[in-house]
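Source file: final-v8.txt; contents: compact mmCIF, C-alpha atoms and all ligand atoms.
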# COMPACT_ATOMS: atom_id res chain seq x y z
CA MET N 1 43.78 -8.39 88.52
CA GLU N 2 45.98 -11.43 88.13
CA ARG N 3 49.66 -11.66 88.97
CA PHE N 4 51.94 -8.91 87.66
CA LEU N 5 53.12 -9.86 84.16
CA LEU N 6 56.75 -9.57 83.20
CA GLY N 7 58.07 -10.66 79.88
CA THR N 8 60.60 -10.11 77.19
CA ASN N 9 60.55 -10.06 73.42
CA TRP N 10 63.95 -11.16 72.11
CA LYS N 11 63.24 -9.91 68.58
CA MET N 12 66.00 -11.25 66.26
CA HIS N 13 68.63 -11.62 68.95
CA LYS N 14 70.56 -14.48 70.61
CA THR N 15 72.22 -17.51 69.12
CA PHE N 16 70.75 -20.91 69.93
CA PRO N 17 73.35 -21.73 72.65
CA GLU N 18 72.75 -18.30 74.21
CA ALA N 19 69.00 -18.88 74.12
CA VAL N 20 69.31 -22.21 75.91
CA ALA N 21 71.73 -20.91 78.54
CA TYR N 22 69.52 -17.85 79.22
CA THR N 23 66.41 -19.98 79.59
CA GLU N 24 68.04 -22.45 81.97
CA ARG N 25 69.30 -19.64 84.22
CA LEU N 26 66.02 -17.77 84.10
CA LYS N 27 64.16 -20.91 85.24
CA ILE N 28 66.16 -20.86 88.45
CA LEU N 29 66.08 -17.11 89.02
CA VAL N 30 62.31 -16.75 88.71
CA GLN N 31 61.71 -19.23 91.53
CA GLN N 32 62.24 -16.33 93.94
CA TYR N 33 59.25 -14.52 92.46
CA PRO N 34 56.21 -16.78 92.51
CA GLN N 35 53.98 -13.69 92.66
CA CYS N 36 54.94 -12.81 89.11
CA GLN N 37 53.83 -14.35 85.78
CA PHE N 38 56.89 -14.52 83.52
CA PHE N 39 56.99 -15.03 79.78
CA ILE N 40 59.69 -15.08 77.14
CA ILE N 41 59.21 -14.57 73.41
CA PRO N 42 62.20 -16.00 71.55
CA PRO N 43 62.74 -16.35 67.79
CA SER N 44 60.41 -19.03 66.41
CA LEU N 45 63.23 -21.37 65.42
CA TYR N 46 63.97 -21.93 69.12
CA LEU N 47 60.39 -22.52 70.29
CA ARG N 48 60.38 -26.31 70.13
CA GLU N 49 63.50 -26.73 72.19
CA LEU N 50 62.57 -24.05 74.70
CA ALA N 51 59.05 -25.42 75.07
CA GLU N 52 60.56 -28.75 76.21
CA ARG N 53 62.78 -26.95 78.68
CA LEU N 54 59.95 -24.79 80.08
CA LYS N 55 57.33 -27.55 80.29
CA GLY N 56 55.36 -27.49 83.55
CA GLY N 57 57.33 -24.52 84.85
CA GLN N 58 56.71 -20.95 85.87
CA ILE N 59 57.55 -19.25 82.56
CA LEU N 60 55.13 -19.03 79.64
CA LEU N 61 56.51 -19.27 76.13
CA GLY N 62 55.44 -16.90 73.37
CA ALA N 63 55.86 -16.55 69.62
CA GLN N 64 56.70 -13.24 67.94
CA ASN N 65 54.27 -13.67 65.06
CA MET N 66 52.15 -16.21 63.23
CA HIS N 67 49.76 -16.53 60.29
CA TRP N 68 46.01 -16.77 60.88
CA ARG N 69 45.51 -19.80 58.65
CA GLU N 70 46.30 -23.34 59.75
CA GLU N 71 48.08 -24.22 56.49
CA GLY N 72 48.43 -23.08 52.92
CA ASP N 73 50.75 -21.65 50.30
CA TYR N 74 52.28 -18.96 52.50
CA THR N 75 56.03 -19.15 52.09
CA GLY N 76 57.94 -18.21 55.20
CA GLU N 77 54.92 -18.15 57.50
CA ILE N 78 54.24 -19.98 60.74
CA SER N 79 50.97 -21.79 61.39
CA PRO N 80 49.11 -21.22 64.67
CA ALA N 81 48.50 -24.99 64.75
CA TRP N 82 52.26 -25.65 64.83
CA LEU N 83 52.69 -23.18 67.68
CA GLU N 84 49.90 -24.81 69.66
CA ALA N 85 51.37 -28.25 69.04
CA CYS N 86 54.74 -27.26 70.40
CA GLY N 87 53.32 -25.73 73.58
CA VAL N 88 53.37 -22.01 72.84
CA ALA N 89 51.05 -20.18 75.25
CA VAL N 90 51.24 -16.58 74.04
CA ALA N 91 50.99 -15.15 70.52
CA GLU N 92 52.54 -11.70 70.28
CA LEU N 93 50.65 -9.87 67.55
CA GLY N 94 51.14 -6.51 65.90
CA HIS N 95 54.44 -5.41 67.38
CA SER N 96 55.20 -1.99 65.90
CA GLU N 97 58.28 -3.39 64.13
CA ARG N 98 55.99 -5.80 62.28
CA ARG N 99 53.38 -3.14 61.61
CA GLN N 100 56.04 -0.79 60.21
CA ALA N 101 58.45 -3.10 58.40
CA TYR N 102 56.02 -5.82 57.26
CA ASN N 103 52.85 -3.77 56.76
CA GLU N 104 50.79 -5.65 59.32
CA ASN N 105 47.38 -4.05 59.50
CA ASP N 106 44.55 -4.13 62.02
CA VAL N 107 42.28 -6.31 59.86
CA ASP N 108 44.89 -9.06 59.50
CA LEU N 109 45.78 -8.72 63.16
CA ASN N 110 42.14 -9.31 64.01
CA ARG N 111 42.32 -12.59 62.04
CA LYS N 112 45.42 -13.51 64.01
CA VAL N 113 43.73 -12.71 67.34
CA HIS N 114 40.92 -15.13 66.47
CA ALA N 115 43.44 -17.74 65.30
CA ALA N 116 45.21 -17.47 68.66
CA PHE N 117 41.92 -18.16 70.50
CA ARG N 118 41.14 -21.11 68.22
CA HIS N 119 44.54 -22.57 69.06
CA ASN N 120 44.37 -22.00 72.81
CA MET N 121 46.95 -19.24 72.92
CA ILE N 122 46.71 -15.88 74.68
CA PRO N 123 46.82 -13.13 72.05
CA LEU N 124 49.17 -10.37 73.19
CA LEU N 125 48.02 -7.54 70.97
CA CYS N 126 50.52 -4.68 70.76
CA VAL N 127 49.16 -1.18 70.20
CA GLY N 128 50.75 2.24 70.24
CA GLU N 129 50.93 5.59 68.52
CA SER N 130 53.80 6.87 66.38
CA ALA N 131 55.67 10.11 67.10
CA GLN N 132 53.66 11.69 64.31
CA ASP N 133 50.31 10.53 65.76
CA LYS N 134 51.36 12.03 69.08
CA GLU N 135 52.39 15.30 67.48
CA TYR N 136 49.07 15.58 65.64
CA GLY N 137 47.19 14.76 68.85
CA VAL N 138 45.55 11.61 67.46
CA THR N 139 46.88 9.07 69.99
CA ALA N 140 43.37 8.24 71.23
CA GLU N 141 42.06 7.82 67.68
CA LYS N 142 44.97 5.55 66.75
CA LEU N 143 44.56 3.35 69.82
CA ARG N 144 40.80 3.15 69.37
CA MET N 145 41.26 1.97 65.76
CA GLN N 146 43.85 -0.61 66.77
CA LEU N 147 41.69 -1.94 69.60
CA LYS N 148 38.31 -1.81 67.87
CA ILE N 149 39.51 -3.45 64.65
CA GLY N 150 42.16 -5.71 66.20
CA LEU N 151 39.66 -7.06 68.72
CA PHE N 152 36.58 -7.05 66.49
CA GLY N 153 34.31 -10.01 67.23
CA VAL N 154 36.10 -11.00 70.44
CA ASN N 155 33.48 -11.88 73.03
CA PRO N 156 33.67 -11.07 76.75
CA GLU N 157 34.45 -14.71 77.60
CA GLN N 158 37.42 -14.73 75.20
CA SER N 159 38.55 -11.37 76.54
CA SER N 160 39.49 -13.12 79.79
CA ARG N 161 42.31 -14.77 77.81
CA LEU N 162 43.62 -11.63 76.17
CA TRP N 163 46.58 -9.39 76.98
CA ILE N 164 47.24 -5.91 75.59
CA ALA N 165 50.66 -4.28 75.37
CA TYR N 166 50.81 -0.52 75.04
CA GLU N 167 54.07 0.29 73.30
CA PRO N 168 54.41 3.84 71.97
CA VAL N 169 56.44 3.52 68.76
CA TRP N 170 58.61 6.51 69.66
CA ALA N 171 59.69 4.87 72.93
CA ILE N 172 60.87 1.52 71.51
CA GLY N 173 64.39 0.37 70.75
CA PRO N 174 67.83 2.01 70.82
CA SER N 175 66.57 5.27 69.31
CA GLY N 176 63.47 5.31 71.53
CA ILE N 177 62.79 8.12 73.99
CA PRO N 178 61.64 6.72 77.36
CA ALA N 179 58.07 7.79 78.11
CA GLU N 180 57.21 9.76 81.24
CA ALA N 181 55.29 7.75 83.83
CA ALA N 182 52.47 10.34 83.93
CA TYR N 183 51.97 9.97 80.17
CA VAL N 184 51.98 6.17 80.39
CA GLN N 185 49.41 6.26 83.20
CA ALA N 186 47.11 8.57 81.26
CA VAL N 187 47.25 6.36 78.16
CA HIS N 188 46.75 3.15 80.14
CA GLN N 189 43.67 4.71 81.78
CA MET N 190 42.41 5.65 78.33
CA ILE N 191 42.98 2.09 77.05
CA ARG N 192 41.14 0.71 80.08
CA SER N 193 38.12 2.88 79.34
CA MET N 194 38.17 1.73 75.70
CA LEU N 195 38.27 -1.90 76.84
CA LEU N 196 35.33 -1.28 79.18
CA GLU N 197 33.44 0.28 76.30
CA GLN N 198 34.21 -2.71 74.10
CA PHE N 199 33.77 -5.58 76.58
CA GLY N 200 31.70 -4.19 79.44
CA GLU N 201 32.84 -5.21 82.94
CA SER N 202 35.01 -8.03 81.49
CA GLY N 203 37.24 -5.29 80.09
CA ARG N 204 38.40 -4.51 83.61
CA ARG N 205 40.26 -7.80 83.89
CA ILE N 206 42.27 -7.60 80.66
CA PRO N 207 45.90 -7.02 81.62
CA ILE N 208 47.54 -3.98 80.00
CA LEU N 209 51.31 -4.21 79.86
CA TYR N 210 53.64 -1.33 79.18
CA GLY N 211 56.63 -1.62 76.85
CA GLY N 212 59.21 0.73 75.39
CA SER N 213 62.64 1.50 76.87
CA VAL N 214 61.81 -0.02 80.25
CA ASN N 215 65.04 -0.15 82.25
CA PRO N 216 66.23 -0.55 85.87
CA GLU N 217 65.95 3.21 86.41
CA ASN N 218 62.37 3.77 85.25
CA CYS N 219 60.80 0.34 85.92
CA VAL N 220 59.31 1.19 89.33
CA SER N 221 57.83 4.53 88.30
CA LEU N 222 56.15 2.83 85.32
CA ALA N 223 55.01 -0.27 87.19
CA VAL N 224 53.26 1.65 89.97
CA CYS N 225 51.06 3.57 87.51
CA SER N 226 47.39 2.76 87.77
CA GLU N 227 46.27 0.37 84.99
CA VAL N 228 49.83 -0.86 84.35
CA ASN N 229 49.48 -4.60 84.94
CA GLY N 230 52.82 -5.72 83.64
CA LEU N 231 55.98 -4.74 81.80
CA PHE N 232 57.07 -5.93 78.38
CA ILE N 233 60.79 -5.46 77.97
CA GLY N 234 63.26 -5.64 75.11
CA ARG N 235 66.91 -4.67 75.56
CA SER N 236 66.95 -4.47 79.36
CA ALA N 237 65.79 -8.06 79.72
CA TRP N 238 68.12 -9.65 77.17
CA ASP N 239 70.85 -9.36 79.75
CA LEU N 240 69.77 -11.44 82.73
CA GLU N 241 71.71 -9.35 85.26
CA LYS N 242 69.78 -6.28 84.17
CA TRP N 243 66.46 -8.11 84.23
CA MET N 244 67.17 -9.36 87.73
CA LEU N 245 67.96 -5.82 88.83
CA ILE N 246 64.56 -4.74 87.49
CA LEU N 247 62.92 -7.60 89.40
CA GLU N 248 64.72 -6.73 92.61
CA ARG N 249 63.64 -3.11 92.32
CA LEU N 250 60.02 -4.02 91.61
CA HIS N 251 60.07 -6.42 94.55
CA MET N 252 61.56 -3.79 96.91
CA ALA N 253 58.92 -1.30 95.80
CA GLY N 254 56.18 -3.85 96.59
CA VAL N 255 54.91 -3.86 93.00
CA LEU N 256 54.94 -7.64 92.72
CA GLU N 257 52.71 -8.12 95.75
CA GLY N 258 49.71 -6.81 93.81
P1 LIG N 301 62.87 -2.03 74.24
O1 LIG N 301 62.62 -2.34 75.68
O2 LIG N 301 64.22 -2.48 73.76
O3 LIG N 301 62.61 -0.57 73.93
O4 LIG N 301 61.82 -2.87 73.38
C1 LIG N 301 60.50 -2.98 73.81
C2 LIG N 301 59.76 -3.88 72.93
O5 LIG N 301 59.74 -3.71 71.72
C3 LIG N 301 59.03 -5.01 73.54
O6 LIG N 301 58.23 -5.65 72.61
Do you think you could lay out the structure here as structure tokens?
Ligand code: 13P
Amino acid sequence: MERFLLGTNWKMHKTFPEAVAYTERLKILVQQYPQCQFFIIPPSLYLRELAERLKGGQILLGAQNMHWREEGDYTGEISPAWLEACGVAVAELGHSERRQAYNENDVDLNRKVHAAFRHNMIPLLCVGESAQDKEYGVTAEKLRMQLKIGLFGVNPEQSSRLWIAYEPVWAIGPSGIPAEAAYVQAVHQMIRSMLLEQFGESGRRIPILYGGSVNPENCVSLAVCSEVNGLFIGRSAWDLEKWMLILERLHMAGVLEG
């Protein structure tokens, strides 16, 4: 597996000056951790400026969403071609907030995954079950649907440029309940076997990140789980002090050494 992946989705947070100040500080802080692949996913309005500031550096830049078409009459949408042109490396697709609040479905997400490949971006496909799915015992079915439809038509060669984030809906955000490490490990192992089914041996190399209420207290127990190849963090990474504490703890635990 590649370097451990560590990234943050800012959602709809941070003013422009805050975004710039955060990015400039992060550029310096990450120099201590060359064994880690960092990425930040800011609001799309900031991408152009932040791409300039991150050019040639250690941190990949991501977008929180995009359309699958290059252009057209789609008010309010963002073209994958624009993202590619401004240096965006990662396309975050299907975050549960977008699936829930904006009705994103697996078929459209599959179009977006292919658009990301066409525009030389890494699709970061987010999957995860709701509290209700979990209660009914259909977590595996839900994940299989999201992966099989979301990744339909992706070939093994493309799969080497694909990241998956497992983010249980019930664990995300201020009202989220942090998941137990044993549960996360079991689901990551299940996702790995689904990826092997779908892509053969190439499925072994697809990084699976975990996200949902990751914090300085639980980061090590989650990161050491088998098949957890990275962490995808919201609130605890918006504050750089907290993110650095997470990094220090992962480093001390030897997680970043692979
Ligand atoms: P929190 O870490 O704030 O729960 O958010 C996780 C997330 O949604 C990452 O995409």
With a distance cut-off of 12 Å and only C-alpha atoms, select the neighbouring residues of Ile78 (chain N), excluding the residue or stretch itself and same-chain residues fewer than 4 positions from it, and output the selection as a ChimeraX atom specification.
/N:43-45,47,63-74,82-84,91,112,115
Coordinates-based distance that separates CA of Leu151 (chain N) from CA of Ala116 (chain N) (Å, one decimal)
11.8 Å
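Restricting the atom set to all atoms listed in the file, one finds that the residues within 7 Å of ligand LIG 301 (chain N) amount to Thr8, Asn9, His95, Ala171, Ile172, Gly173, Pro174, Gly176, Gly211, Gly212, Ser213, Val214, Phe232, Ile233, Gly234, Arg235 and Ser236 of chain N.
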Do a neighbour search on Thr15 (chain N) at 12 Å with all atoms listed in the file, toss out local chain neighbours closer than 6 positions, and write the hits as a PDB file with C-alpha atoms, in the coordinates of the input.
ATOM      1  CA  ALA N  21      71.730 -20.910  78.540  1.00  0.00           C
ATOM      2  CA  TYR N  22      69.520 -17.850  79.220  1.00  0.00           C
ATOM      3  CA  PRO N  42      62.200 -16.000  71.550  1.00  0.00           C
ATOM      4  CA  PRO N  43      62.740 -16.350  67.790  1.00  0.00           C
ATOM      5  CA  LEU N  45      63.230 -21.370  65.420  1.00  0.00           C
ATOM      6  CA  TYR N  46      63.970 -21.930  69.120  1.00  0.00           C
ATOM      7  CA  TRP N 238      68.120  -9.650  77.170  1.00  0.00           C
TER       8      TRP N 238
END
Å distance separating CA of Met121 (chain N) from CA of Ile164 (chain N), one decimal place:
13.6 Å
Residues within 9 Å of Ile191 (chain N), all atoms listed in the file, excluding chain neighbours under 5 positions, as a VMD selection string:
chain N and resid 140 143 to 144 147 166 186 196 208 227
Up to 12 Å from (34.7, -5.8, 72.4) in the file's coordinates: name the residues, counting only C-alpha atoms, as a PyMOL selection string.
chain N and resi 110+144+146-160+162+192-204+206
Okay, now the selection with C-alpha atoms, as an mmCIF file, in the coordinates of the input?
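Resulting contents of part.cif:
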data_model
loop_
_atom_site.group_PDB
_atom_site.id
_atom_site.type_symbol
_atom_site.label_atom_id
_atom_site.label_comp_id
_atom_site.auth_asym_id
_atom_site.auth_seq_id
_atom_site.Cartn_x
_atom_site.Cartn_y
_atom_site.Cartn_z
ATOM 1 C CA ASN N 110 42.140 -9.310 64.010
ATOM 2 C CA ARG N 144 40.800 3.150 69.370
ATOM 3 C CA GLN N 146 43.850 -0.610 66.770
ATOM 4 C CA LEU N 147 41.690 -1.940 69.600
ATOM 5 C CA LYS N 148 38.310 -1.810 67.870
ATOM 6 C CA ILE N 149 39.510 -3.450 64.650
ATOM 7 C CA GLY N 150 42.160 -5.710 66.200
ATOM 8 C CA LEU N 151 39.660 -7.060 68.720
ATOM 9 C CA PHE N 152 36.580 -7.050 66.490
ATOM 10 C CA GLY N 153 34.310 -10.010 67.230
ATOM 11 C CA VAL N 154 36.100 -11.000 70.440
ATOM 12 C CA ASN N 155 33.480 -11.880 73.030
ATOM 13 C CA PRO N 156 33.670 -11.070 76.750
ATOM 14 C CA GLU N 157 34.450 -14.710 77.600
ATOM 15 C CA GLN N 158 37.420 -14.730 75.200
ATOM 16 C CA SER N 159 38.550 -11.370 76.540
ATOM 17 C CA SER N 160 39.490 -13.120 79.790
ATOM 18 C CA LEU N 162 43.620 -11.630 76.170
ATOM 19 C CA ARG N 192 41.140 0.710 80.080
ATOM 20 C CA SER N 193 38.120 2.880 79.340
ATOM 21 C CA MET N 194 38.170 1.730 75.700
ATOM 22 C CA LEU N 195 38.270 -1.900 76.840
ATOM 23 C CA LEU N 196 35.330 -1.280 79.180
ATOM 24 C CA GLU N 197 33.440 0.280 76.300
ATOM 25 C CA GLN N 198 34.210 -2.710 74.100
ATOM 26 C CA PHE N 199 33.770 -5.580 76.580
ATOM 27 C CA GLY N 200 31.700 -4.190 79.440
ATOM 28 C CA GLU N 201 32.840 -5.210 82.940
ATOM 29 C CA SER N 202 35.010 -8.030 81.490
ATOM 30 C CA GLY N 203 37.240 -5.290 80.090
ATOM 31 C CA ARG N 204 38.400 -4.510 83.610
ATOM 32 C CA ILE N 206 42.270 -7.600 80.660
#
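One distance worth recording is that between CA of Ala89 (chain N) and CA of Cys36 (chain N), which is 16.2 Å.
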Up to 6 Å from (66.0, -21.6, 72.4) in the file's coordinates: name the residues, counting all atoms listed in the file, as JSON, numbers by chain.
{"N": [16, 19, 20, 46, 49, 50]}
Save out the residues we just selected, C-alpha atoms, as an mmCIF file, in the coordinates of the input.
data_model
loop_
_atom_site.group_PDB
_atom_site.id
_atom_site.type_symbol
_atom_site.label_atom_id
_atom_site.label_comp_id
_atom_site.auth_asym_id
_atom_site.auth_seq_id
_atom_site.Cartn_x
_atom_site.Cartn_y
_atom_site.Cartn_z
ATOM 1 C CA PHE N 16 70.750 -20.910 69.930
ATOM 2 C CA ALA N 19 69.000 -18.880 74.120
ATOM 3 C CA VAL N 20 69.310 -22.210 75.910
ATOM 4 C CA TYR N 46 63.970 -21.930 69.120
ATOM 5 C CA GLU N 49 63.500 -26.730 72.190
ATOM 6 C CA LEU N 50 62.570 -24.050 74.700
#
Between N:Ala85, N:Ile40, N:Leu222, N:Val138, which is the closest to Ala237 (chain N) once you count all atoms listed in the file?
N:Ile40
Please provide the set of residues having any atom within 12 Å of Val224 (chain N), restricted to all atoms listed in the file, with same-chain residues fewer than 2 positions apart removed, written as a ChimeraX atom specification.
/N:4,181-182,184-185,188,209-210,218-222,226-231,249-251,253-258
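The smallest atom-to-atom distance between Trp10 (chain N) and any of N:Cys225, N:Ala51, N:Leu61, N:Met252, using only C-alpha atoms, is found for N:Leu61.
Closest approach to Arg25 (chain N) from the set N:Gly76, N:Gly7, N:Leu54, N:Ser130 is made by N:Leu54, with distances taken over all atoms listed in the file.
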Residues near Glu97 (chain N), cut-off 10 Å, all atoms listed in the file, skip fewer than 3 positions along chain, as a ChimeraX atom specification
/N:11,94,100-104,169,172-173
Please supply region 27-39 of chain N, rebuilt with N, CA and C atoms, as an mmCIF file, in the coordinates of the input.
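Writing done, so here's selection_8.cif:
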data_model
loop_
_atom_site.group_PDB
_atom_site.id
_atom_site.type_symbol
_atom_site.label_atom_id
_atom_site.label_comp_id
_atom_site.auth_asym_id
_atom_site.auth_seq_id
_atom_site.Cartn_x
_atom_site.Cartn_y
_atom_site.Cartn_z
ATOM 1 N N LYS N 27 65.031 -19.956 84.522
ATOM 2 C CA LYS N 27 64.160 -20.910 85.240
ATOM 3 C C LYS N 27 64.483 -20.932 86.731
ATOM 4 N N ILE N 28 65.751 -20.828 87.041
ATOM 5 C CA ILE N 28 66.160 -20.860 88.450
ATOM 6 C C ILE N 28 65.878 -19.517 89.118
ATOM 7 N N LEU N 29 66.234 -18.445 88.428
ATOM 8 C CA LEU N 29 66.080 -17.110 89.020
ATOM 9 C C LEU N 29 64.627 -16.755 89.355
ATOM 10 N N VAL N 30 63.708 -17.161 88.487
ATOM 11 C CA VAL N 30 62.310 -16.750 88.710
ATOM 12 C C VAL N 30 61.657 -17.456 89.906
ATOM 13 N N GLN N 31 62.293 -18.506 90.390
ATOM 14 C CA GLN N 31 61.710 -19.230 91.530
ATOM 15 C C GLN N 31 61.538 -18.328 92.754
ATOM 16 N N GLN N 32 62.351 -17.264 92.808
ATOM 17 C CA GLN N 32 62.240 -16.330 93.940
ATOM 18 C C GLN N 32 61.002 -15.445 93.833
ATOM 19 N N TYR N 33 60.357 -15.458 92.678
ATOM 20 C CA TYR N 33 59.250 -14.520 92.460
ATOM 21 C C TYR N 33 57.978 -15.232 92.018
ATOM 22 N N PRO N 34 57.408 -16.041 92.910
ATOM 23 C CA PRO N 34 56.210 -16.780 92.510
ATOM 24 C C PRO N 34 55.004 -15.868 92.299
ATOM 25 N N GLN N 35 55.115 -14.625 92.783
ATOM 26 C CA GLN N 35 53.980 -13.690 92.660
ATOM 27 C C GLN N 35 53.928 -13.031 91.285
ATOM 28 N N CYS N 36 54.840 -13.440 90.404
ATOM 29 C CA CYS N 36 54.940 -12.810 89.110
ATOM 30 C C CYS N 36 54.705 -13.834 87.989
ATOM 31 N N GLN N 37 53.996 -13.448 86.940
ATOM 32 C CA GLN N 37 53.830 -14.350 85.780
ATOM 33 C C GLN N 37 54.846 -13.938 84.707
ATOM 34 N N PHE N 38 55.831 -14.819 84.494
ATOM 35 C CA PHE N 38 56.890 -14.520 83.520
ATOM 36 C C PHE N 38 56.549 -15.099 82.158
ATOM 37 N N PHE N 39 57.061 -14.442 81.123
ATOM 38 C CA PHE N 39 56.990 -15.030 79.780
ATOM 39 C C PHE N 39 58.188 -14.579 78.966
#
